[in-house]
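What's in start.cif: mmCIF, C-alpha atoms
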```cif
data_data
#
loop_
_atom_site.label_atom_id
_atom_site.label_comp_id
_atom_site.auth_asym_id
_atom_site.auth_seq_id
_atom_site.Cartn_x
_atom_site.Cartn_y
_atom_site.Cartn_z
CA MET A 1 -7.05 -73.73 -2.38
CA ASP A 2 -5.69 -70.26 -1.81
CA VAL A 3 -6.40 -69.45 1.81
CA ALA A 4 -4.59 -66.75 3.70
CA GLY A 5 -2.78 -67.92 6.81
CA GLU A 6 -1.79 -71.25 5.33
CA ALA A 7 1.87 -70.45 5.62
CA THR A 8 1.63 -69.02 9.12
CA GLY A 9 0.01 -72.08 10.59
CA THR A 10 -3.41 -70.65 11.34
CA VAL A 11 -5.20 -72.81 8.80
CA PRO A 12 -3.70 -76.15 9.87
CA ARG A 13 -4.36 -75.31 13.50
CA VAL A 14 -7.99 -74.44 12.83
CA ARG A 15 -8.41 -77.44 10.55
CA GLU A 16 -7.06 -79.74 13.22
CA ALA A 17 -9.27 -78.19 15.91
CA LEU A 18 -12.38 -78.57 13.74
CA GLU A 19 -11.69 -82.24 12.92
CA GLY A 20 -15.01 -83.86 12.13
CA LEU A 21 -17.03 -80.63 11.96
CA GLU A 22 -18.12 -79.51 8.52
CA HIS A 23 -16.73 -76.15 7.49
CA VAL A 24 -15.91 -74.37 4.23
CA TRP A 25 -12.91 -72.12 3.82
CA LEU A 26 -13.62 -68.71 2.36
CA ALA A 27 -11.18 -66.35 0.65
CA PRO A 28 -12.22 -62.88 1.76
CA ARG A 29 -10.61 -59.84 0.19
CA ASP A 30 -8.96 -58.71 3.42
CA GLY A 31 -6.96 -61.93 3.50
CA LEU A 32 -8.11 -63.07 6.93
CA PRO A 33 -8.63 -66.82 7.41
CA ALA A 34 -12.39 -67.24 7.33
CA ILE A 35 -14.68 -70.23 7.49
CA SER A 36 -18.35 -70.72 6.82
CA VAL A 37 -20.24 -73.13 9.03
CA ALA A 38 -23.82 -74.28 9.42
CA ARG A 39 -25.96 -72.99 12.25
CA SER A 40 -26.26 -76.47 13.77
CA VAL A 41 -22.52 -76.80 14.40
CA LEU A 42 -21.73 -73.14 15.24
CA GLY A 43 -21.68 -73.76 19.00
CA ASP A 44 -19.30 -76.68 18.66
CA VAL A 45 -17.08 -74.81 16.21
CA LEU A 46 -16.68 -71.83 18.56
CA ALA A 47 -16.02 -74.06 21.57
CA ARG A 48 -13.36 -76.02 19.69
CA LEU A 49 -11.74 -72.87 18.35
CA LYS A 50 -11.38 -71.60 21.86
CA GLN A 51 -10.38 -74.80 23.59
CA ARG A 52 -8.29 -76.52 20.93
CA ALA A 53 -7.05 -73.75 18.64
CA GLY A 54 -6.35 -71.23 21.38
CA PHE A 55 -8.60 -68.37 20.23
CA GLU A 56 -9.11 -67.01 23.71
CA SER A 57 -10.46 -63.61 22.73
CA MET A 58 -13.71 -62.68 21.01
CA THR A 59 -13.09 -59.58 18.91
CA PHE A 60 -16.62 -58.97 17.72
CA ILE A 61 -19.92 -60.49 16.82
CA THR A 62 -21.90 -58.74 14.16
CA GLY A 63 -24.54 -59.40 11.58
CA VAL A 64 -24.95 -58.72 7.88
CA ASP A 65 -28.37 -58.38 6.30
CA ARG A 66 -28.12 -59.84 2.80
CA LEU A 67 -31.68 -59.10 1.78
CA PRO A 68 -33.02 -60.32 -0.66
CA ALA A 69 -30.70 -63.34 -0.46
CA VAL A 70 -31.96 -66.50 1.23
CA PRO A 71 -31.12 -67.25 3.96
CA ARG A 72 -31.23 -63.63 4.83
CA PHE A 73 -28.76 -62.99 7.62
CA GLU A 74 -25.10 -63.69 8.02
CA LEU A 75 -23.70 -63.85 11.53
CA VAL A 76 -20.01 -63.08 11.84
CA HIS A 77 -17.81 -64.01 14.79
CA GLN A 78 -14.22 -62.84 14.72
CA LEU A 79 -11.79 -64.45 17.14
CA TRP A 80 -8.29 -63.48 18.12
CA SER A 81 -5.56 -65.60 19.60
CA LEU A 82 -3.18 -63.59 21.72
CA ALA A 83 -0.69 -66.45 22.01
CA HIS A 84 -0.42 -66.98 18.25
CA ASP A 85 -1.33 -63.40 17.32
CA ASP A 86 -3.71 -64.42 14.57
CA ARG A 87 -7.38 -64.12 13.83
CA VAL A 88 -10.12 -66.24 12.33
CA ARG A 89 -13.59 -65.29 11.19
CA VAL A 90 -16.61 -67.57 11.36
CA HIS A 91 -19.56 -66.88 9.07
CA THR A 92 -22.98 -68.44 9.66
CA ARG A 93 -26.05 -67.97 7.49
CA LEU A 94 -29.36 -67.57 9.31
CA ALA A 95 -32.87 -67.30 7.97
CA ASP A 96 -35.22 -64.64 9.34
CA GLY A 97 -36.46 -65.82 12.71
CA GLU A 98 -33.76 -68.44 13.21
CA SER A 99 -31.72 -68.19 16.38
CA ALA A 100 -28.02 -68.78 16.88
CA PRO A 101 -26.30 -70.46 19.81
CA SER A 102 -24.98 -67.99 22.36
CA CYS A 103 -21.26 -68.04 23.16
CA VAL A 104 -21.46 -66.09 26.41
CA ALA A 105 -20.38 -69.21 28.30
CA LEU A 106 -17.13 -69.24 26.31
CA TRP A 107 -16.47 -65.51 26.23
CA PRO A 108 -18.40 -63.49 28.85
CA GLY A 109 -17.65 -60.32 26.90
CA ALA A 110 -19.81 -61.61 24.08
CA ALA A 111 -22.93 -60.78 26.08
CA TYR A 112 -23.06 -57.14 25.00
CA MET A 113 -22.14 -57.98 21.42
CA GLU A 114 -24.99 -60.44 21.17
CA ARG A 115 -27.32 -57.90 22.71
CA GLU A 116 -26.26 -55.33 20.12
CA CYS A 117 -26.69 -57.87 17.35
CA TYR A 118 -30.19 -58.62 18.61
CA ASP A 119 -30.97 -54.91 18.87
CA MET A 120 -29.76 -54.01 15.39
CA PHE A 121 -30.73 -57.11 13.38
CA GLY A 122 -33.24 -59.01 15.49
CA ILE A 123 -31.07 -62.13 15.61
CA THR A 124 -31.81 -64.06 18.78
CA PHE A 125 -29.30 -66.12 20.70
CA ASP A 126 -30.17 -69.35 22.52
CA GLY A 127 -28.72 -69.51 26.00
CA HIS A 128 -28.18 -65.78 26.48
CA ALA A 129 -29.31 -64.98 30.01
CA ASP A 130 -30.33 -61.37 29.42
CA LEU A 131 -31.04 -60.82 25.75
CA LYS A 132 -32.52 -57.32 25.65
CA ARG A 133 -31.84 -54.23 23.59
CA LEU A 134 -28.54 -52.47 24.07
CA LEU A 135 -28.88 -49.12 22.27
CA MET A 136 -32.48 -48.56 21.24
CA PRO A 137 -35.39 -48.18 23.71
CA ASP A 138 -36.62 -51.47 25.17
CA ASP A 139 -40.02 -51.20 23.47
CA TYR A 140 -38.72 -49.87 20.16
CA GLY A 141 -40.14 -52.67 18.04
CA HIS A 142 -37.81 -52.29 15.06
CA HIS A 143 -34.31 -53.42 14.18
CA PRO A 144 -32.57 -50.43 12.60
CA LEU A 145 -29.73 -52.09 10.71
CA ARG A 146 -32.04 -54.35 8.74
CA LYS A 147 -32.07 -53.51 5.06
CA ASP A 148 -35.84 -52.99 5.02
CA PHE A 149 -35.72 -50.42 7.83
CA PRO A 150 -36.03 -46.84 6.49
CA HIS A 151 -32.75 -45.13 7.23
CA GLN A 152 -34.48 -41.93 8.31
CA GLY A 153 -36.13 -43.98 11.00
CA ILE A 154 -39.54 -44.78 12.38
CA GLU A 155 -40.42 -42.26 15.09
CA PRO A 156 -36.76 -41.39 15.59
CA ASP A 157 -37.61 -38.68 18.10
CA ARG A 158 -39.86 -40.79 20.29
CA LEU A 159 -37.41 -40.96 23.20
CA TYR A 160 -37.11 -37.20 23.22
CA ARG A 161 -40.84 -36.63 22.81
CA GLU A 162 -41.61 -38.79 25.83
CA TRP A 163 -38.99 -36.97 27.86
CA ASP A 164 -40.30 -33.62 26.67
CA ARG A 165 -43.92 -34.46 27.49
CA ASN A 166 -42.88 -35.54 30.95
CA ARG A 167 -40.88 -32.35 31.42
CA ARG A 168 -43.78 -30.14 30.31
CA SER A 169 -46.23 -31.87 32.61
CA HIS A 170 -44.12 -30.72 35.56
CA TRP A 171 -43.51 -27.25 34.20
CA LYS A 172 -45.18 -24.28 35.89
CA PRO A 173 -44.92 -20.73 34.57
CA ARG A 174 -42.96 -18.59 36.95
CA GLU A 175 -44.77 -15.55 38.38
CA THR A 176 -42.60 -12.52 37.77
CA ALA A 177 -43.48 -9.13 39.16
CA PRO A 178 -43.57 -6.47 36.46
CA MET B 1 -21.92 1.83 21.29
CA GLY B 2 -23.41 4.03 18.61
CA SER B 3 -25.94 5.91 20.67
CA LEU B 4 -23.45 7.03 23.30
CA ARG B 5 -23.38 10.81 23.28
CA PRO B 6 -20.74 12.38 25.56
CA VAL B 7 -21.50 15.92 26.67
CA ALA B 8 -18.56 18.02 27.89
CA GLU B 9 -19.10 20.86 30.40
CA ALA B 10 -17.04 24.02 30.38
CA ASP B 11 -15.27 23.12 33.66
CA GLY B 12 -13.80 19.93 32.23
CA THR B 13 -16.39 17.51 33.64
CA GLY B 14 -19.16 15.97 31.60
CA PHE B 15 -21.71 13.22 31.24
CA VAL B 16 -22.85 10.62 28.80
CA ALA B 17 -26.40 10.32 27.52
CA SER B 18 -27.52 6.95 26.20
CA ARG B 19 -30.42 4.54 26.09
CA VAL B 20 -30.59 1.85 28.74
CA ASP B 21 -31.15 -0.76 26.03
CA ALA B 22 -27.97 0.30 24.26
CA LEU B 23 -25.94 0.24 27.46
CA VAL B 24 -27.23 -3.17 28.60
CA ASN B 25 -26.82 -4.68 25.16
CA TRP B 26 -23.31 -3.28 24.91
CA GLY B 27 -22.43 -5.01 28.17
CA ARG B 28 -24.09 -8.28 27.22
CA LYS B 29 -22.68 -8.62 23.75
CA ASN B 30 -19.12 -8.03 24.87
CA SER B 31 -19.19 -10.48 27.76
CA LEU B 32 -20.75 -13.61 26.34
CA TRP B 33 -20.01 -16.70 28.43
CA PRO B 34 -20.12 -19.72 26.17
CA MET B 35 -21.29 -23.15 27.22
CA PRO B 36 -19.29 -25.44 24.92
CA LEU B 37 -21.49 -28.44 24.24
CA GLY B 38 -18.90 -30.41 22.28
CA LEU B 39 -20.72 -33.45 20.92
CA SER B 40 -18.24 -34.64 18.29
CA CYS B 41 -15.44 -33.39 16.04
CA CYS B 42 -16.69 -29.77 16.07
CA GLY B 43 -15.88 -29.81 19.79
CA ILE B 44 -12.20 -30.23 18.91
CA GLU B 45 -12.40 -27.26 16.56
CA LEU B 46 -14.09 -25.28 19.30
CA MET B 47 -11.06 -25.81 21.53
CA ALA B 48 -8.92 -24.20 18.85
CA ILE B 49 -11.25 -21.21 18.77
CA LEU B 50 -10.95 -20.78 22.52
CA GLY B 51 -7.19 -21.19 22.33
CA PRO B 52 -4.60 -18.45 21.82
CA LYS B 53 -4.27 -18.73 18.05
CA PHE B 54 -7.81 -17.70 17.18
CA ASP B 55 -8.44 -16.16 20.59
CA LEU B 56 -12.12 -15.80 21.27
CA ALA B 57 -11.09 -13.44 24.09
CA ARG B 58 -10.80 -10.65 21.52
CA PHE B 59 -14.60 -10.70 21.41
CA GLY B 60 -15.06 -11.03 25.15
CA ALA B 61 -16.39 -14.56 24.89
CA GLU B 62 -13.47 -16.59 26.24
CA ALA B 63 -14.91 -17.47 29.65
CA ALA B 64 -16.13 -20.95 28.74
CA ARG B 65 -17.94 -22.49 31.69
CA PHE B 66 -18.91 -26.10 32.01
CA SER B 67 -21.90 -25.27 34.13
CA PRO B 68 -24.91 -24.04 32.18
CA ARG B 69 -25.95 -21.95 35.20
CA GLN B 70 -23.06 -19.59 34.52
CA CYS B 71 -23.46 -19.30 30.74
CA ASP B 72 -25.49 -17.28 28.32
CA LEU B 73 -24.26 -18.64 24.99
CA LEU B 74 -24.85 -22.29 24.11
CA ILE B 75 -22.56 -23.51 21.33
CA VAL B 76 -23.90 -26.85 20.11
CA ALA B 77 -20.78 -28.23 18.45
CA GLY B 78 -21.34 -31.53 16.75
CA THR B 79 -23.78 -34.28 15.95
CA LEU B 80 -26.79 -34.31 18.23
CA THR B 81 -28.35 -37.75 18.55
CA TRP B 82 -31.88 -38.31 19.78
CA LYS B 83 -30.47 -39.98 22.86
CA MET B 84 -28.50 -36.83 23.66
CA ALA B 85 -31.35 -34.49 22.73
CA SER B 86 -32.96 -34.44 26.16
CA ALA B 87 -29.61 -33.67 27.81
CA CYS B 88 -29.02 -30.86 25.34
CA ARG B 89 -32.44 -29.40 26.03
CA THR B 90 -31.83 -29.67 29.77
CA VAL B 91 -28.58 -27.75 29.38
CA TYR B 92 -30.45 -25.05 27.48
CA ASP B 93 -33.20 -24.89 30.11
CA GLN B 94 -30.67 -24.61 32.91
CA MET B 95 -29.04 -21.56 31.39
CA PRO B 96 -30.33 -18.31 32.89
CA GLU B 97 -31.87 -15.75 30.58
CA PRO B 98 -30.88 -13.97 28.47
CA LYS B 99 -29.40 -16.78 26.42
CA TRP B 100 -28.40 -17.37 22.85
CA VAL B 101 -27.58 -20.45 20.81
CA ILE B 102 -25.06 -21.03 18.03
CA ALA B 103 -25.48 -24.22 15.99
CA MET B 104 -21.90 -24.97 15.01
CA GLY B 105 -21.38 -27.20 12.00
CA VAL B 106 -23.75 -28.82 9.55
CA CYS B 107 -24.66 -31.65 11.92
CA SER B 108 -26.13 -29.40 14.55
CA SER B 109 -27.59 -27.10 11.90
CA THR B 110 -29.39 -29.69 9.76
CA GLY B 111 -28.21 -33.16 10.73
CA GLY B 112 -25.54 -32.89 8.03
CA MET B 113 -24.61 -36.11 6.35
CA TYR B 114 -26.29 -38.13 9.09
CA ASP B 115 -29.70 -38.50 7.47
CA SER B 116 -30.32 -41.19 10.03
CA TYR B 117 -32.81 -42.58 12.50
CA ALA B 118 -30.42 -41.79 15.33
CA VAL B 119 -29.58 -38.13 14.65
CA VAL B 120 -31.59 -34.96 15.30
CA GLN B 121 -32.07 -33.26 11.92
CA GLY B 122 -30.96 -29.87 13.21
CA VAL B 123 -30.93 -28.71 16.83
CA ASP B 124 -33.61 -26.19 15.86
CA SER B 125 -35.99 -29.12 16.29
CA ILE B 126 -35.58 -28.77 20.04
CA LEU B 127 -34.03 -25.32 20.69
CA PRO B 128 -34.30 -21.81 19.27
CA VAL B 129 -31.10 -21.17 17.34
CA ASP B 130 -29.68 -17.68 16.76
CA VAL B 131 -26.81 -18.31 14.38
CA TYR B 132 -26.10 -21.31 12.16
CA VAL B 133 -22.50 -21.97 11.14
CA PRO B 134 -22.00 -24.22 8.12
CA GLY B 135 -18.90 -26.34 7.75
CA CYS B 136 -17.73 -29.82 8.64
CA PRO B 137 -16.23 -28.70 10.91
CA PRO B 138 -16.37 -24.93 10.34
CA ARG B 139 -13.17 -22.97 10.21
CA PRO B 140 -12.56 -21.06 13.45
CA ASP B 141 -12.95 -17.86 11.44
CA ALA B 142 -16.51 -18.89 10.61
CA VAL B 143 -17.36 -19.34 14.28
CA LEU B 144 -15.76 -15.99 15.12
CA ASP B 145 -17.95 -14.49 12.40
CA ALA B 146 -20.95 -16.13 14.03
CA ILE B 147 -20.03 -14.51 17.35
CA ILE B 148 -19.77 -11.13 15.62
CA LYS B 149 -23.15 -11.66 13.95
CA LEU B 150 -24.63 -12.66 17.28
CA GLN B 151 -23.25 -9.49 18.83
CA GLY B 152 -25.08 -7.56 16.14
CA LYS B 153 -28.29 -9.36 17.03
CA ILE B 154 -27.84 -8.69 20.73
CA GLN B 155 -27.39 -5.01 19.94
CA ARG B 156 -30.91 -4.97 18.47
CA GLU B 157 -32.63 -6.52 21.51
CA ARG B 158 -34.88 -4.59 23.90
CA PRO B 159 -34.06 -5.60 27.48
CA LEU B 160 -35.80 -2.56 29.02
CA ALA B 161 -39.18 -3.62 27.63
CA ARG B 162 -38.87 -6.80 29.65
CA ILE B 163 -37.96 -4.95 32.83
CA LEU B 164 -40.75 -2.36 32.49
CA HIS B 165 -43.56 -4.52 31.23
CA GLY B 166 -42.73 -8.02 32.45
CA PRO B 167 -42.57 -11.21 30.48
CA SER B 168 -46.33 -11.38 29.99
CA VAL B 169 -46.22 -8.33 27.76
CA VAL B 170 -43.17 -9.11 25.73
CA ASP B 171 -43.69 -12.87 25.43
CA VAL B 172 -46.91 -13.14 23.53
CA ARG B 173 -47.73 -16.72 24.26
CA GLY B 174 -49.09 -18.78 21.43
CA THR B 175 -48.00 -16.41 18.71
CA GLY B 176 -44.34 -17.20 19.06
CA LEU B 177 -43.68 -13.47 19.24
CA ASN B 178 -41.06 -12.37 21.72
CA LEU B 179 -40.21 -8.71 21.74
CA TYR B 180 -37.41 -9.22 24.23
CA GLN B 181 -35.39 -11.58 22.09
CA PRO B 182 -37.14 -11.27 18.73
CA ASN B 183 -35.60 -14.42 17.28
CA ALA B 184 -35.86 -16.64 20.35
CA THR B 185 -39.08 -18.36 19.40
CA VAL B 186 -39.51 -22.01 20.22
CA PRO B 187 -40.72 -23.69 17.04
CA ARG B 188 -44.13 -25.31 17.23
CA SER B 189 -43.40 -27.96 14.64
CA LYS B 190 -40.79 -29.04 12.18
CA ALA B 191 -42.97 -27.72 9.33
CA ASP B 192 -42.84 -24.22 10.84
CA LEU B 193 -39.08 -24.34 10.81
CA HIS B 194 -38.60 -25.64 7.30
CA PRO B 195 -41.63 -24.44 5.34
CA HIS B 196 -40.14 -25.47 2.00
CA ASP B 197 -39.01 -28.94 3.06
CA PRO B 198 -41.60 -31.55 2.06
CA ARG B 199 -40.09 -34.02 4.50
CA ALA B 200 -40.72 -31.65 7.39
CA ALA B 201 -44.35 -31.22 6.35
CA ARG B 202 -44.80 -34.96 6.16
CA ARG B 203 -43.43 -35.49 9.64
CA GLY B 204 -45.27 -32.58 11.17
#
```
Any chance you could put this one into structure tokens?
Amino acid sequence: MDVAGEATGTVPRVREALEGLEHVWLAPRDGLPAISVARSVLGDVLARLKQRAGFESMTFITGVDRLPAVPRFELVHQLWSLAHDDRVRVHTRLADGESAPSCVALWPGAAYMERECYDMFGITFDGHADLKRLLMPDDYGHHPLRKDFPHQGIEPDRLYREWDRNRRSHWKPRETAP
Amino acid sequence: MGSLRPVAEADGTGFVASRVDALVNWGRKNSLWPMPLGLSCCGIELMAILGPKFDLARFGAEAARFSPRQCDLLIVAGTLTWKMASACRTVYDQMPEPKWVIAMGVCSSTGGMYDSYAVVQGVDSILPVDVYVPGCPPRPDAVLDAIIKLQGKIQRERPLARILHGPSVVDVRGTGLNLYQPNATVPRSKADLHPHDPRAARRG
């Protein structure tokens, strides 16, 4: 198996930390050590990677919409170990409507990333205390980075229109003497 | 000032005959105070224009103020998102009249490459724009050319009509006609702005 990081010790460290948890090594083109895990063990995998393998920093959480593949979504966590100066990426496939375990308890900074992921892809996270939209309006009703969302948007100007209507309702023409 | 006609008396004194419109416009066009609304990379280019190398001061427009209350030229430099749109409109509303707008760069002119749910497809959706400057970002020369073109437009305005007749006469409400600033009409819909764009007609 040709996995990047084998020589530097990342792979044995991760393999040791994930003893007993099922995971598949991937060989991504950017050469970063990456594993694919099932949704059911994702919480355990992340906890072990932090506690046993020393990945104390969460770089990002993001989603990939692989429509029309089934399952549809791919959740990506990238972790960084400052002590070892190496990274690992964890891929999880999720069907539409399936939720993922939240990792806010492990990395508090993940709260905003999970909110963004929910906002853009509609992926929900179990155990997130305040899972609401981050960028789009609270009642937007769509998830813009999904593949089936029209890129020109659905009512893209709604925020502005509401603001503008409110502004006009307070507007009075000024009386100017000729 | 083309219509300035100096008359010399025999004793060495003299006077100048002109139109009030010409005099006021001459003053306005040569002392534009820009409000630099730098929204993205065009904002960086705008700094170069204000700097000594390209020297906007040659056209009397170097006094960039960061308060819209002190400005009469809004330069929208960069990508305007729908989240920023209300702030941009507020800045425009806060500027005292007379006021002019330059849409600098393709993003503020048409949305540019951001054909996206998040980006305003041209600031003319929310503001009246006087001069559009293409480019990504435009060369400083192009923006200087826009200032010169705007000066030409200002020269054609009729400020005295506003003073003599009041806004009710010169702003013909509902028709979009404004004799004071003939091009400063707030668009009623996107389809009015882009009559040949089928997308605009569809959105209304």
Have a look at CA of Glu98 in chain A and CA of Asp139 in chain A and let me know their distance in Å, one decimal. 21.0 Å
Enumerate, as a count of residues only, the residues matched when the PyMOL selection byres ((chain A and resi 7-17) around 10) is run on the file above. 30
Taking the file above as input, evaluate the PyMOL selection byres ((chain B) within 8 of (chain A)) and report the hits as a CSV table (one decimal) with C-alpha atoms, in the frame of the given file.
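Generated file (selection11.csv):
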```
chain,number,residue,atom,x,y,z
B,82,TRP,CA,-31.9,-38.3,19.8
B,83,LYS,CA,-30.5,-40.0,22.9
B,85,ALA,CA,-31.4,-34.5,22.7
B,86,SER,CA,-33.0,-34.4,26.2
B,115,ASP,CA,-29.7,-38.5,7.5
B,116,SER,CA,-30.3,-41.2,10.0
B,117,TYR,CA,-32.8,-42.6,12.5
B,118,ALA,CA,-30.4,-41.8,15.3
B,119,VAL,CA,-29.6,-38.1,14.6
B,120,VAL,CA,-31.6,-35.0,15.3
B,163,ILE,CA,-38.0,-5.0,32.8
B,164,LEU,CA,-40.8,-2.4,32.5
B,165,HIS,CA,-43.6,-4.5,31.2
B,166,GLY,CA,-42.7,-8.0,32.4
B,167,PRO,CA,-42.6,-11.2,30.5
```
CA of Met47 in chain B and CA of Leu74 in chain B are how many Å apart? 14.5 Å
Excluding range 133-140 of chain B and its own-chain neighbours fewer than 2 positions away, which residues fall within 6 Å of it when counting only C-alpha atoms? Please give them as an mmCIF file with C-alpha atoms, in the coordinates of the input.
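Saved the output as result15.cif:
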```
data_model
loop_
_atom_site.group_PDB
_atom_site.id
_atom_site.type_symbol
_atom_site.label_atom_id
_atom_site.label_comp_id
_atom_site.auth_asym_id
_atom_site.auth_seq_id
_atom_site.Cartn_x
_atom_site.Cartn_y
_atom_site.Cartn_z
ATOM 1 C CA CYS B 42 -16.690 -29.770 16.070
ATOM 2 C CA ILE B 49 -11.250 -21.210 18.770
ATOM 3 C CA MET B 104 -21.900 -24.970 15.010
ATOM 4 C CA GLY B 105 -21.380 -27.200 12.000
ATOM 5 C CA VAL B 106 -23.750 -28.820 9.550
ATOM 6 C CA ALA B 142 -16.510 -18.890 10.610
ATOM 7 C CA VAL B 143 -17.360 -19.340 14.280
#
```
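Around the point (-27.8, -71.7, 25.8), within 10 Å and counting all atoms listed in the file, we find these residues: A:Gly43, A:Ala100, A:Pro101, A:Ser102, A:Cys103, A:Val104, A:Ala105, A:Phe125, A:Asp126, A:Gly127, A:His128, A:Ala129.
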Smallest atom-to-atom distance to Asp130 in chain B: which of B:Val101, B:Met113, B:Cys107, B:Asp145, using only C-alpha atoms?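 Residue with the minimum atom-to-atom distance to Asp130 in chain B: B:Val101.
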Report the residues retrieved by the PyMOL selection byres ((chain B and resi 73) around 8) from the displayed file, expressed as JSON, numbers by chain. {"B": [32, 33, 34, 35, 71, 72, 74, 75, 99, 100, 101, 102]}
Hey, which of A:Arg165, A:Asp119, A:Thr59, A:Asp130 ends up closest to His143 in chain A? Count all atoms listed in the file. A:Asp119
Which is closest to Val64 in chain A among A:Trp80, A:Tyr112, A:Tyr140, A:Tyr118, if we use all atoms listed in the file?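 Using all atoms listed in the file, the shortest distance to Val64 in chain A belongs to A:Tyr118.
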Could you name the residues that touch Leu145 in chain A at 8 Å or less, counting all atoms listed in the file, but leaving out those on the same chain fewer than 6 positions away, as a PyMOL selection string? chain A and resi 65+120-121
Please identify all polymer residues within 9 Å of Met58 in chain A, counting only C-alpha atoms, omitting same-chain residues fewer than 2 positions from it, and present them as a PyMOL selection string. chain A and resi 55-56+60-61+77-81+107+109-110
Would you compute the distance between CA of Val131 in chain B and CA of Phe66 in chain B? Give it in Å to one decimal.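 That distance, rounded to one decimal, is 20.8 Å.
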Rebuild range 19-35 of chain A so that it carries N, CA and C atoms, then output the result as a short mmCIF file (atom, residue, chain, number, x, y, z; two decimals), in the frame of the given file.
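Saved to rebuild38.cif:
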```cif
data_model
loop_
_atom_site.label_atom_id
_atom_site.label_comp_id
_atom_site.auth_asym_id
_atom_site.auth_seq_id
_atom_site.Cartn_x
_atom_site.Cartn_y
_atom_site.Cartn_z
N GLU A 19 -11.65 -80.87 13.46
CA GLU A 19 -11.69 -82.24 12.92
C GLU A 19 -13.08 -82.83 13.11
N GLY A 20 -13.70 -83.22 12.02
CA GLY A 20 -15.01 -83.86 12.13
C GLY A 20 -16.18 -82.91 12.04
N LEU A 21 -15.94 -81.62 12.10
CA LEU A 21 -17.03 -80.63 11.96
C LEU A 21 -16.97 -80.04 10.56
N GLU A 22 -18.11 -79.97 9.91
CA GLU A 22 -18.12 -79.51 8.52
C GLU A 22 -17.92 -78.01 8.46
N HIS A 23 -16.95 -77.59 7.67
CA HIS A 23 -16.73 -76.15 7.49
C HIS A 23 -16.13 -75.91 6.11
N VAL A 24 -16.39 -74.73 5.57
CA VAL A 24 -15.91 -74.37 4.23
C VAL A 24 -15.00 -73.16 4.38
N TRP A 25 -13.83 -73.25 3.76
CA TRP A 25 -12.91 -72.12 3.82
C TRP A 25 -13.31 -71.07 2.80
N LEU A 26 -13.29 -69.82 3.23
CA LEU A 26 -13.62 -68.71 2.36
C LEU A 26 -12.32 -67.97 2.04
N ALA A 27 -12.34 -67.17 0.99
CA ALA A 27 -11.18 -66.35 0.65
C ALA A 27 -11.60 -64.89 0.60
N PRO A 28 -11.77 -64.27 1.76
CA PRO A 28 -12.22 -62.88 1.76
C PRO A 28 -11.12 -61.95 1.24
N ARG A 29 -11.55 -60.76 0.81
CA ARG A 29 -10.61 -59.84 0.19
C ARG A 29 -9.58 -59.28 1.17
N ASP A 30 -9.93 -59.24 2.46
CA ASP A 30 -8.96 -58.71 3.42
C ASP A 30 -7.91 -59.74 3.81
N GLY A 31 -8.00 -60.95 3.29
CA GLY A 31 -6.96 -61.93 3.50
C GLY A 31 -7.00 -62.65 4.84
N LEU A 32 -8.03 -62.42 5.63
CA LEU A 32 -8.11 -63.07 6.93
C LEU A 32 -8.62 -64.51 6.75
N PRO A 33 -8.07 -65.48 7.47
CA PRO A 33 -8.63 -66.82 7.41
C PRO A 33 -10.09 -66.79 7.86
N ALA A 34 -10.96 -67.31 7.02
CA ALA A 34 -12.39 -67.24 7.33
C ALA A 34 -13.03 -68.56 6.94
N ILE A 35 -13.97 -69.01 7.80
CA ILE A 35 -14.68 -70.23 7.49
C ILE A 35 -16.17 -69.97 7.54
#
```
